[in-house]
file start.txt (compact mmCIF, C-alpha atoms)
# COMPACT_ATOMS: atom_id res chain seq x y z
CA MET A 65 4.98 -101.09 12.12
CA LEU A 66 4.65 -103.62 14.95
CA GLY A 67 7.18 -102.85 17.65
CA ASP A 68 10.42 -102.67 15.69
CA ASP A 69 8.97 -104.69 12.80
CA GLU A 70 8.12 -103.26 9.40
CA ILE A 71 5.00 -104.85 7.92
CA LEU A 72 5.24 -105.56 4.18
CA THR A 73 2.06 -106.58 2.35
CA VAL A 74 2.57 -108.16 -1.07
CA THR A 75 0.06 -109.35 -3.65
CA LEU A 76 1.69 -111.97 -5.83
CA ALA A 77 1.48 -111.67 -9.61
CA GLU A 78 -0.48 -114.13 -11.76
CA GLY A 79 2.78 -115.64 -12.99
CA ALA A 80 3.76 -116.60 -9.44
CA ALA A 81 1.27 -119.48 -9.35
CA GLY A 82 3.06 -122.76 -8.67
CA LEU A 83 6.39 -121.18 -7.73
CA ARG A 84 8.05 -121.87 -4.40
CA LEU A 85 6.92 -119.27 -1.89
CA ASP A 86 10.45 -117.95 -1.27
CA ARG A 87 11.04 -117.54 -5.01
CA ALA A 88 7.70 -115.85 -5.61
CA LEU A 89 8.35 -113.38 -2.82
CA ALA A 90 11.91 -112.71 -4.05
CA GLU A 91 10.51 -111.76 -7.45
CA ALA A 92 7.93 -109.48 -5.84
CA LEU A 93 10.40 -107.82 -3.44
CA PRO A 94 13.62 -106.87 -5.28
CA SER A 95 15.30 -105.51 -2.15
CA LEU A 96 15.19 -108.87 -0.32
CA SER A 97 17.25 -111.87 -1.35
CA ARG A 98 15.73 -115.33 -1.59
CA GLU A 99 17.96 -116.52 1.27
CA ARG A 100 16.78 -113.66 3.46
CA LEU A 101 13.13 -114.47 2.67
CA LYS A 102 13.71 -118.15 3.36
CA SER A 103 15.05 -117.21 6.79
CA LEU A 104 12.06 -114.95 7.48
CA ILE A 105 9.63 -117.72 6.52
CA LYS A 106 11.34 -120.29 8.74
CA GLY A 107 11.36 -117.69 11.51
CA GLY A 108 7.56 -117.47 11.45
CA ARG A 109 7.48 -113.95 10.03
CA VAL A 110 5.36 -114.64 6.94
CA CYS A 111 1.62 -115.22 6.92
CA ASP A 112 -1.28 -115.34 4.48
CA ALA A 113 -4.26 -112.97 4.21
CA GLN A 114 -6.10 -114.91 6.97
CA GLY A 115 -3.20 -114.49 9.38
CA ALA A 116 -2.02 -118.12 9.19
CA THR A 117 1.75 -118.42 9.51
CA LEU A 118 3.49 -119.91 6.46
CA TRP A 119 6.41 -121.95 7.78
CA ASP A 120 7.62 -123.74 4.64
CA PRO A 121 9.64 -121.81 1.99
CA ALA A 122 8.95 -124.61 -0.52
CA ILE A 123 5.14 -124.48 -0.48
CA LYS A 124 3.58 -123.50 -3.79
CA ALA A 125 2.43 -119.90 -4.15
CA ALA A 126 -1.03 -119.05 -5.38
CA ALA A 127 -1.71 -116.40 -8.01
CA ALA A 128 -2.89 -113.06 -6.62
CA ALA A 129 -2.34 -114.30 -3.05
CA THR A 130 -1.79 -111.59 -0.46
CA ILE A 131 1.18 -112.24 1.79
CA GLU A 132 2.24 -110.32 4.89
CA ILE A 133 5.87 -110.20 6.00
CA ARG A 134 7.04 -108.89 9.37
CA LEU A 135 10.49 -107.54 8.62
CA PRO A 136 12.60 -106.82 11.73
CA ALA A 137 14.43 -103.50 11.71
CA ALA A 138 18.04 -103.88 10.63
CA ARG A 139 20.43 -103.82 13.57
CA PRO A 140 22.77 -100.83 13.60
CA ALA A 141 26.26 -101.56 12.34
CA HIS A 142 28.89 -101.60 15.08
CA ASN A 143 31.08 -99.27 13.01
CA ALA A 144 30.63 -95.51 13.39
CA ALA A 145 29.18 -93.40 10.59
CA GLN A 146 31.60 -90.63 9.64
CA ASP A 147 31.12 -87.62 7.39
CA LEU A 148 34.08 -88.13 5.04
CA ASP A 149 34.50 -86.92 1.48
CA LEU A 150 33.46 -89.50 -1.12
CA VAL A 151 33.56 -89.27 -4.90
CA ILE A 152 30.46 -91.10 -6.15
CA ALA A 153 30.74 -92.59 -9.64
CA TYR A 154 27.23 -94.12 -9.63
CA GLU A 155 24.40 -94.51 -7.15
CA ASP A 156 20.79 -95.68 -7.04
CA GLU A 157 18.53 -97.20 -4.38
CA HIS A 158 20.23 -100.59 -4.75
CA LEU A 159 23.97 -99.95 -4.91
CA ILE A 160 26.72 -97.36 -4.93
CA VAL A 161 30.07 -97.15 -6.74
CA VAL A 162 32.81 -95.06 -5.15
CA ASP A 163 35.97 -93.69 -6.74
CA LYS A 164 38.20 -94.44 -3.74
CA PRO A 165 41.28 -92.28 -3.19
CA ALA A 166 44.67 -93.80 -2.48
CA GLY A 167 45.27 -93.92 1.27
CA MET A 168 41.70 -94.83 2.27
CA VAL A 169 41.14 -98.28 3.78
CA VAL A 170 37.99 -100.03 2.54
CA HIS A 171 36.88 -101.88 5.68
CA PRO A 172 37.54 -101.23 9.39
CA ALA A 173 40.04 -103.63 10.94
CA ALA A 174 42.64 -103.66 13.67
CA GLY A 175 44.74 -100.53 13.26
CA ASN A 176 42.13 -98.89 11.02
CA LEU A 177 38.90 -98.73 13.02
CA ASP A 178 37.70 -95.45 11.53
CA GLY A 179 38.29 -93.17 8.56
CA THR A 180 37.48 -96.06 6.21
CA MET A 181 35.22 -96.22 3.17
CA VAL A 182 32.69 -98.23 5.18
CA ASN A 183 32.54 -95.50 7.85
CA ALA A 184 31.94 -92.94 5.09
CA LEU A 185 29.24 -95.06 3.42
CA LEU A 186 27.38 -95.54 6.71
CA HIS A 187 27.05 -91.75 6.87
CA HIS A 188 26.37 -91.16 3.17
CA CYS A 189 23.77 -93.96 2.93
CA ALA A 190 22.06 -93.31 6.27
CA GLY A 191 18.43 -94.42 6.02
CA GLN A 192 19.02 -96.22 2.71
CA LEU A 193 20.53 -99.46 4.01
CA SER A 194 17.83 -102.09 4.45
CA GLY A 195 20.36 -104.46 5.90
CA ILE A 196 22.86 -107.06 4.72
CA GLY A 197 22.00 -110.16 6.72
CA GLY A 198 19.83 -108.04 9.00
CA VAL A 199 22.53 -105.44 9.72
CA ALA A 200 22.33 -101.87 8.40
CA ARG A 201 25.67 -101.82 6.63
CA PRO A 202 26.96 -101.51 3.07
CA GLY A 203 27.60 -104.85 1.38
CA ILE A 204 31.25 -104.89 0.31
CA VAL A 205 31.75 -107.66 -2.25
CA HIS A 206 35.30 -106.79 -3.32
CA ARG A 207 38.15 -104.67 -2.03
CA ILE A 208 41.09 -102.73 -3.37
CA ASP A 209 44.25 -102.08 -1.40
CA LYS A 210 44.57 -99.02 0.82
CA ASP A 211 47.11 -97.38 -1.51
CA THR A 212 45.34 -98.36 -4.72
CA SER A 213 42.85 -95.82 -6.06
CA GLY A 214 39.72 -96.31 -8.13
CA LEU A 215 36.30 -97.88 -8.46
CA ILE A 216 34.67 -100.14 -5.87
CA VAL A 217 31.01 -101.18 -5.67
CA ALA A 218 28.91 -101.75 -2.53
CA ALA A 219 25.34 -103.03 -2.15
CA LYS A 220 22.63 -101.34 -0.10
CA HIS A 221 20.52 -104.45 0.53
CA ASP A 222 20.60 -108.25 0.47
CA LYS A 223 19.29 -108.73 -3.05
CA ALA A 224 21.90 -106.45 -4.61
CA HIS A 225 24.64 -107.96 -2.44
CA GLU A 226 23.74 -111.49 -3.46
CA GLY A 227 23.57 -110.59 -7.16
CA LEU A 228 26.93 -108.81 -7.17
CA ALA A 229 28.60 -111.58 -5.17
CA LYS A 230 27.48 -114.17 -7.73
CA GLN A 231 29.03 -112.14 -10.56
CA PHE A 232 32.32 -111.78 -8.71
CA ALA A 233 32.32 -115.52 -7.93
CA ALA A 234 31.68 -116.28 -11.63
CA HIS A 235 34.50 -113.87 -12.65
CA SER A 236 32.07 -112.06 -14.96
CA ILE A 237 32.85 -108.58 -13.60
CA ASP A 238 34.88 -106.43 -16.02
CA ARG A 239 37.73 -104.99 -13.91
CA ARG A 240 40.51 -103.05 -15.59
CA TYR A 241 43.42 -101.34 -13.87
CA LEU A 242 45.88 -98.74 -15.10
CA ALA A 243 49.36 -99.30 -13.72
CA ILE A 244 52.90 -98.04 -14.19
CA ALA A 245 55.23 -101.03 -14.35
CA THR A 246 59.01 -100.81 -14.15
CA GLY A 247 60.93 -101.60 -17.35
CA ARG A 248 59.46 -102.87 -20.63
CA PRO A 249 57.23 -105.97 -20.37
CA MET A 250 58.08 -108.45 -23.11
CA PRO A 251 55.95 -109.38 -24.88
CA ALA A 252 54.28 -105.97 -24.84
CA ASN A 253 50.89 -107.65 -24.38
CA GLY A 254 50.38 -110.92 -22.58
CA THR A 255 48.74 -113.06 -19.93
CA VAL A 256 50.04 -114.12 -16.54
CA ASP A 257 48.44 -117.39 -15.43
CA ALA A 258 49.91 -118.20 -12.01
CA ALA A 259 48.27 -119.32 -8.78
CA LEU A 260 48.56 -117.06 -5.75
CA GLY A 261 48.85 -117.87 -2.07
CA ARG A 262 50.43 -116.60 1.13
CA SER A 263 54.19 -116.26 1.03
CA ALA A 264 55.97 -119.02 2.95
CA THR A 265 58.48 -116.51 4.32
CA ASN A 266 56.22 -113.49 5.03
CA ARG A 267 52.55 -114.08 5.88
CA LYS A 268 51.72 -110.45 5.07
CA LYS A 269 52.76 -110.96 1.46
CA MET A 270 51.22 -112.93 -1.39
CA ALA A 271 53.34 -115.01 -3.75
CA VAL A 272 53.11 -117.15 -6.86
CA VAL A 273 52.73 -120.75 -5.67
CA ALA A 274 52.40 -124.17 -7.24
CA GLU A 275 49.06 -124.88 -8.91
CA GLY A 276 46.79 -126.61 -6.42
CA ARG A 277 48.42 -124.92 -3.43
CA GLY A 278 46.96 -121.47 -3.93
CA LYS A 279 44.08 -119.84 -5.78
CA HIS A 280 43.90 -119.81 -9.56
CA ALA A 281 44.71 -116.31 -10.85
CA ILE A 282 44.84 -114.83 -14.37
CA THR A 283 45.85 -111.28 -15.36
CA HIS A 284 45.79 -110.00 -18.95
CA TYR A 285 48.05 -107.00 -19.54
CA ARG A 286 48.67 -104.74 -22.50
CA THR A 287 51.10 -101.89 -23.10
CA ILE A 288 49.54 -98.46 -23.44
CA GLU A 289 52.63 -96.24 -23.53
CA PRO A 290 56.39 -96.71 -23.04
CA LEU A 291 57.88 -94.33 -20.45
CA ALA A 292 61.39 -93.55 -19.24
CA GLY A 293 62.38 -96.66 -17.30
CA ALA A 294 58.75 -97.74 -17.02
CA THR A 295 55.60 -98.58 -19.00
CA LEU A 296 52.00 -97.53 -18.64
CA ILE A 297 49.93 -100.71 -18.88
CA GLU A 298 46.33 -101.81 -18.58
CA CYS A 299 45.62 -104.99 -16.60
CA ARG A 300 42.33 -106.84 -17.01
CA LEU A 301 41.55 -109.25 -14.19
CA GLU A 302 40.01 -112.58 -15.11
CA THR A 303 40.12 -113.42 -11.39
CA GLY A 304 40.28 -111.10 -8.41
CA ARG A 305 42.85 -112.24 -5.84
CA THR A 306 44.59 -110.28 -3.10
CA HIS A 307 47.44 -108.16 -4.57
CA GLN A 308 46.93 -109.96 -7.91
CA VAL A 309 48.23 -107.29 -10.32
CA ARG A 310 51.13 -106.39 -8.02
CA VAL A 311 52.32 -109.98 -7.57
CA HIS A 312 51.79 -111.05 -11.18
CA MET A 313 53.72 -108.09 -12.60
CA ALA A 314 56.54 -108.63 -10.10
CA HIS A 315 56.55 -112.33 -11.07
CA ILE A 316 57.34 -111.50 -14.71
CA GLY A 317 60.08 -109.08 -13.65
CA HIS A 318 58.16 -105.80 -13.90
CA PRO A 319 56.89 -104.81 -10.45
CA LEU A 320 54.75 -101.73 -10.18
CA VAL A 321 56.47 -98.39 -9.74
CA GLY A 322 56.40 -97.29 -6.10
CA ASP A 323 55.31 -100.69 -4.75
CA PRO A 324 56.83 -100.87 -1.24
CA VAL A 325 56.26 -104.61 -0.89
CA TYR A 326 56.88 -106.31 -4.23
CA GLY A 327 59.37 -104.08 -6.04
CA ARG A 328 62.10 -101.47 -5.85
CA ALA A 329 62.87 -98.93 -8.56
CA ARG A 330 66.40 -98.36 -9.79
CA LYS A 331 68.05 -95.04 -10.56
CA PRO A 332 67.18 -92.69 -12.22
CA LEU A 333 63.52 -93.74 -11.71
CA SER A 334 64.01 -94.03 -7.95
CA ASP A 335 65.25 -90.42 -7.88
CA VAL A 336 62.09 -89.24 -9.64
CA LEU A 337 59.89 -91.09 -7.14
CA LYS A 338 61.83 -89.68 -4.19
CA ALA A 339 61.62 -86.12 -5.53
CA ARG A 340 57.87 -86.51 -5.98
CA ASN A 341 57.42 -88.33 -2.66
CA PHE A 342 55.60 -91.04 -4.62
CA VAL A 343 55.42 -93.84 -2.05
CA ARG A 344 52.51 -96.01 -3.19
CA GLN A 345 52.06 -98.66 -5.86
CA ALA A 346 51.12 -96.91 -9.13
CA LEU A 347 47.84 -98.78 -9.52
CA HIS A 348 44.37 -97.41 -10.30
CA ALA A 349 41.08 -99.33 -10.72
CA ALA A 350 39.99 -97.38 -13.79
CA HIS A 351 37.07 -99.42 -15.16
CA LEU A 352 34.27 -101.45 -13.60
CA GLY A 353 31.59 -103.23 -15.59
CA PHE A 354 28.79 -105.48 -14.31
CA ILE A 355 25.14 -106.40 -14.73
CA HIS A 356 22.89 -104.47 -12.36
CA PRO A 357 21.77 -107.13 -9.86
CA VAL A 358 18.18 -105.84 -9.67
CA ASN A 359 17.14 -104.32 -13.02
CA GLY A 360 19.49 -106.30 -15.28
CA ASN A 361 20.96 -103.24 -17.01
CA ARG A 362 24.61 -103.24 -18.05
CA ILE A 363 26.66 -100.81 -15.96
CA ALA A 364 30.05 -99.68 -17.33
CA LEU A 365 32.00 -97.02 -15.41
CA ASP A 366 35.35 -95.32 -15.93
CA CYS A 367 37.19 -92.92 -13.65
CA GLU A 368 40.07 -90.56 -14.32
CA ILE A 369 43.58 -91.52 -13.29
CA PRO A 370 44.46 -89.57 -10.10
CA ALA A 371 46.73 -86.53 -10.14
CA ASP A 372 49.77 -88.21 -8.54
CA MET A 373 49.90 -90.93 -11.20
CA ARG A 374 49.04 -88.53 -14.04
CA GLU A 375 51.84 -86.13 -13.07
CA LEU A 376 54.30 -89.01 -12.73
CA ILE A 377 53.38 -90.25 -16.20
CA ASP A 378 53.88 -86.75 -17.63
CA GLU A 379 57.36 -86.53 -16.10
CA LEU A 380 58.35 -89.98 -17.39
CA ARG A 381 57.15 -89.41 -20.96
CA VAL A 382 59.92 -89.93 -23.48
call {"tool": "encode", "arguments": {"input": "start.txt", "output": "structure tokens"}}
result
Amino acid sequence: MLGDDEILTVTLAEGAAGLRLDRALAEALPSLSRERLKSLIKGGRVCDAQGATLWDPAIKAAAAATIEIRLPAARPAHNAAQDLDLVIAYEDEHLIVVDKPAGMVVHPAAGNLDGTMVNALLHHCAGQLSGIGGVARPGIVHRIDKDTSGLIVAAKHDKAHEGLAKQFAAHSIDRRYLAIATGRPMPANGTVDAALGRSATNRKKMAVVAEGRGKHAITHYRTIEPLAGATLIECRLETGRTHQVRVHMAHIGHPLVGDPVYGRARKPLSDVLKARNFVRQALHAAHLGFIHPVNGNRIALDCEIPADMRELIDELRV
């Protein structure tokens, strides 16, 4: 250590000869992204075995060269770490997948500055976060609504964050939701291809908009089980837009049961919801599949449907 710096000494592999320096170092240091290393090089924090500073990320690396990196300590996140219950579906030194309960906000924001999943992760991952962009915080690459339950992945360092973000941007993440929709979708299995954007009448809501005005959005749905006045469906997201499943199902006339924004149940279903005090959208992120951003392994995770939805399904079975 030098002051608050951590000194990393790396000997490049034989195969690194001729590669750009930033690329060679990224391959040797899986916890640091290439962009982060490029920034460190340009900041004068990388030198060779003789102590000469290497200022150019594009210079060619030499085989078996010894490189020293002065890595500044990650700045503390401005959010407070809180000891909150978390259900961990998967965890290693690179990333963590949480089975988030309904009612928990993912990220602190106005009105929800604590009690969030990020606050809980800062406590759970204390000492494991090498920094996203130099800040000791979990890297959230996607979100699910406060009142939606299920799987969400977060990165512990830049390299994992960058790799996951690329997969989400390429829409290669396998995301499947279980939902209870009102009525009987017809056809029983189908695809909703409709762009989404902010509602013109309510900026807190999303709406289907003309192609070119909003963001391209595709949801594939299939019927799992008919229920009394409703249907248990699975929705596979080809894209991941804000409120996508909720808006798309409402658009085809089958809003999600309990959705306070995009739908309203009719009697006798509304009486069942009232008796059960079921006041959230019946939506659960049940499956998450992706390529591990560091080791390349395929990760496929499933989580059980929560008790409130399971009990509602049992009562609505015909």
call {"tool": "atom_distance", "arguments": {"input": "start.txt", "atom1": "atom CA of His221 of chain A", "atom2": "atom CA of Val161 of chain A"}}
result
14.0 Å
call {"tool": "residues_around", "arguments": {"input": "start.txt", "residues": "His280 of chain A", "least_positions_apart": "5", "cutoff": "9 Å", "atoms": "all atoms listed in the file", "output": "PyMOL selection string"}}
result
chain A and resi 257-260+275+303+305
call {"tool": "write_last_selection", "arguments": {"input": "start.txt", "atoms": "C-alpha atoms", "output": "mmCIF file, in the frame of the given file"}}
result
data_model
loop_
_atom_site.group_PDB
_atom_site.id
_atom_site.type_symbol
_atom_site.label_atom_id
_atom_site.label_comp_id
_atom_site.auth_asym_id
_atom_site.auth_seq_id
_atom_site.Cartn_x
_atom_site.Cartn_y
_atom_site.Cartn_z
ATOM 1 C CA ASP A 257 48.440 -117.390 -15.430
ATOM 2 C CA ALA A 258 49.910 -118.200 -12.010
ATOM 3 C CA ALA A 259 48.270 -119.320 -8.780
ATOM 4 C CA LEU A 260 48.560 -117.060 -5.750
ATOM 5 C CA GLU A 275 49.060 -124.880 -8.910
ATOM 6 C CA THR A 303 40.120 -113.420 -11.390
ATOM 7 C CA ARG A 305 42.850 -112.240 -5.840
#
call {"tool": "residues_around", "arguments": {"input": "start.txt", "residues": "segment 344-352 of chain A", "least_positions_apart": "6", "cutoff": "7 Å", "atoms": "only C-alpha atoms", "output": "PyMOL selection string"}}
result
chain A and resi 211-215+238-244+320-324+364-369+373
call {"tool": "closest_residue", "arguments": {"input": "start.txt", "among": "A:Ala314, A:Ile237, A:His284, A:Ala264", "to": "Arg362 of chain A", "atoms": "only C-alpha atoms"}}
result
A:Ile237
call {"tool": "closest_residue", "arguments": {"input": "start.txt", "among": "A:Pro136, A:Pro332, A:Gly254, A:Gly179", "to": "Arg109 of chain A", "atoms": "all atoms listed in the file"}}
result
A:Pro136
call {"tool": "residues_around", "arguments": {"input": "start.txt", "residues": "segment 71-84 of chain A", "least_positions_apart": "5", "cutoff": "9 Å", "atoms": "only C-alpha atoms", "output": "number ranges by chain"}}
result
A: 65-66, 89, 91-93, 121-136
call {"tool": "closest_residue", "arguments": {"input": "start.txt", "among": "A:Ala292, A:Cys299, A:Ala233, A:Ile282", "to": "Glu379 of chain A", "atoms": "only C-alpha atoms"}}
result
A:Ala292
call {"tool": "residues_around", "arguments": {"input": "start.txt", "residues": "Tyr285 of chain A", "least_positions_apart": "3", "cutoff": "9 Å", "atoms": "all atoms listed in the file", "output": "mmCIF file with C-alpha atoms, in the coordinates of the input"}}
result
data_model
loop_
_atom_site.group_PDB
_atom_site.id
_atom_site.type_symbol
_atom_site.label_atom_id
_atom_site.label_comp_id
_atom_site.auth_asym_id
_atom_site.auth_seq_id
_atom_site.Cartn_x
_atom_site.Cartn_y
_atom_site.Cartn_z
ATOM 1 C CA ALA A 252 54.280 -105.970 -24.840
ATOM 2 C CA ASN A 253 50.890 -107.650 -24.380
ATOM 3 C CA GLY A 254 50.380 -110.920 -22.580
ATOM 4 C CA THR A 255 48.740 -113.060 -19.930
ATOM 5 C CA VAL A 256 50.040 -114.120 -16.540
ATOM 6 C CA ILE A 297 49.930 -100.710 -18.880
ATOM 7 C CA GLU A 298 46.330 -101.810 -18.580
ATOM 8 C CA CYS A 299 45.620 -104.990 -16.600
ATOM 9 C CA ARG A 300 42.330 -106.840 -17.010
ATOM 10 C CA LEU A 301 41.550 -109.250 -14.190
#
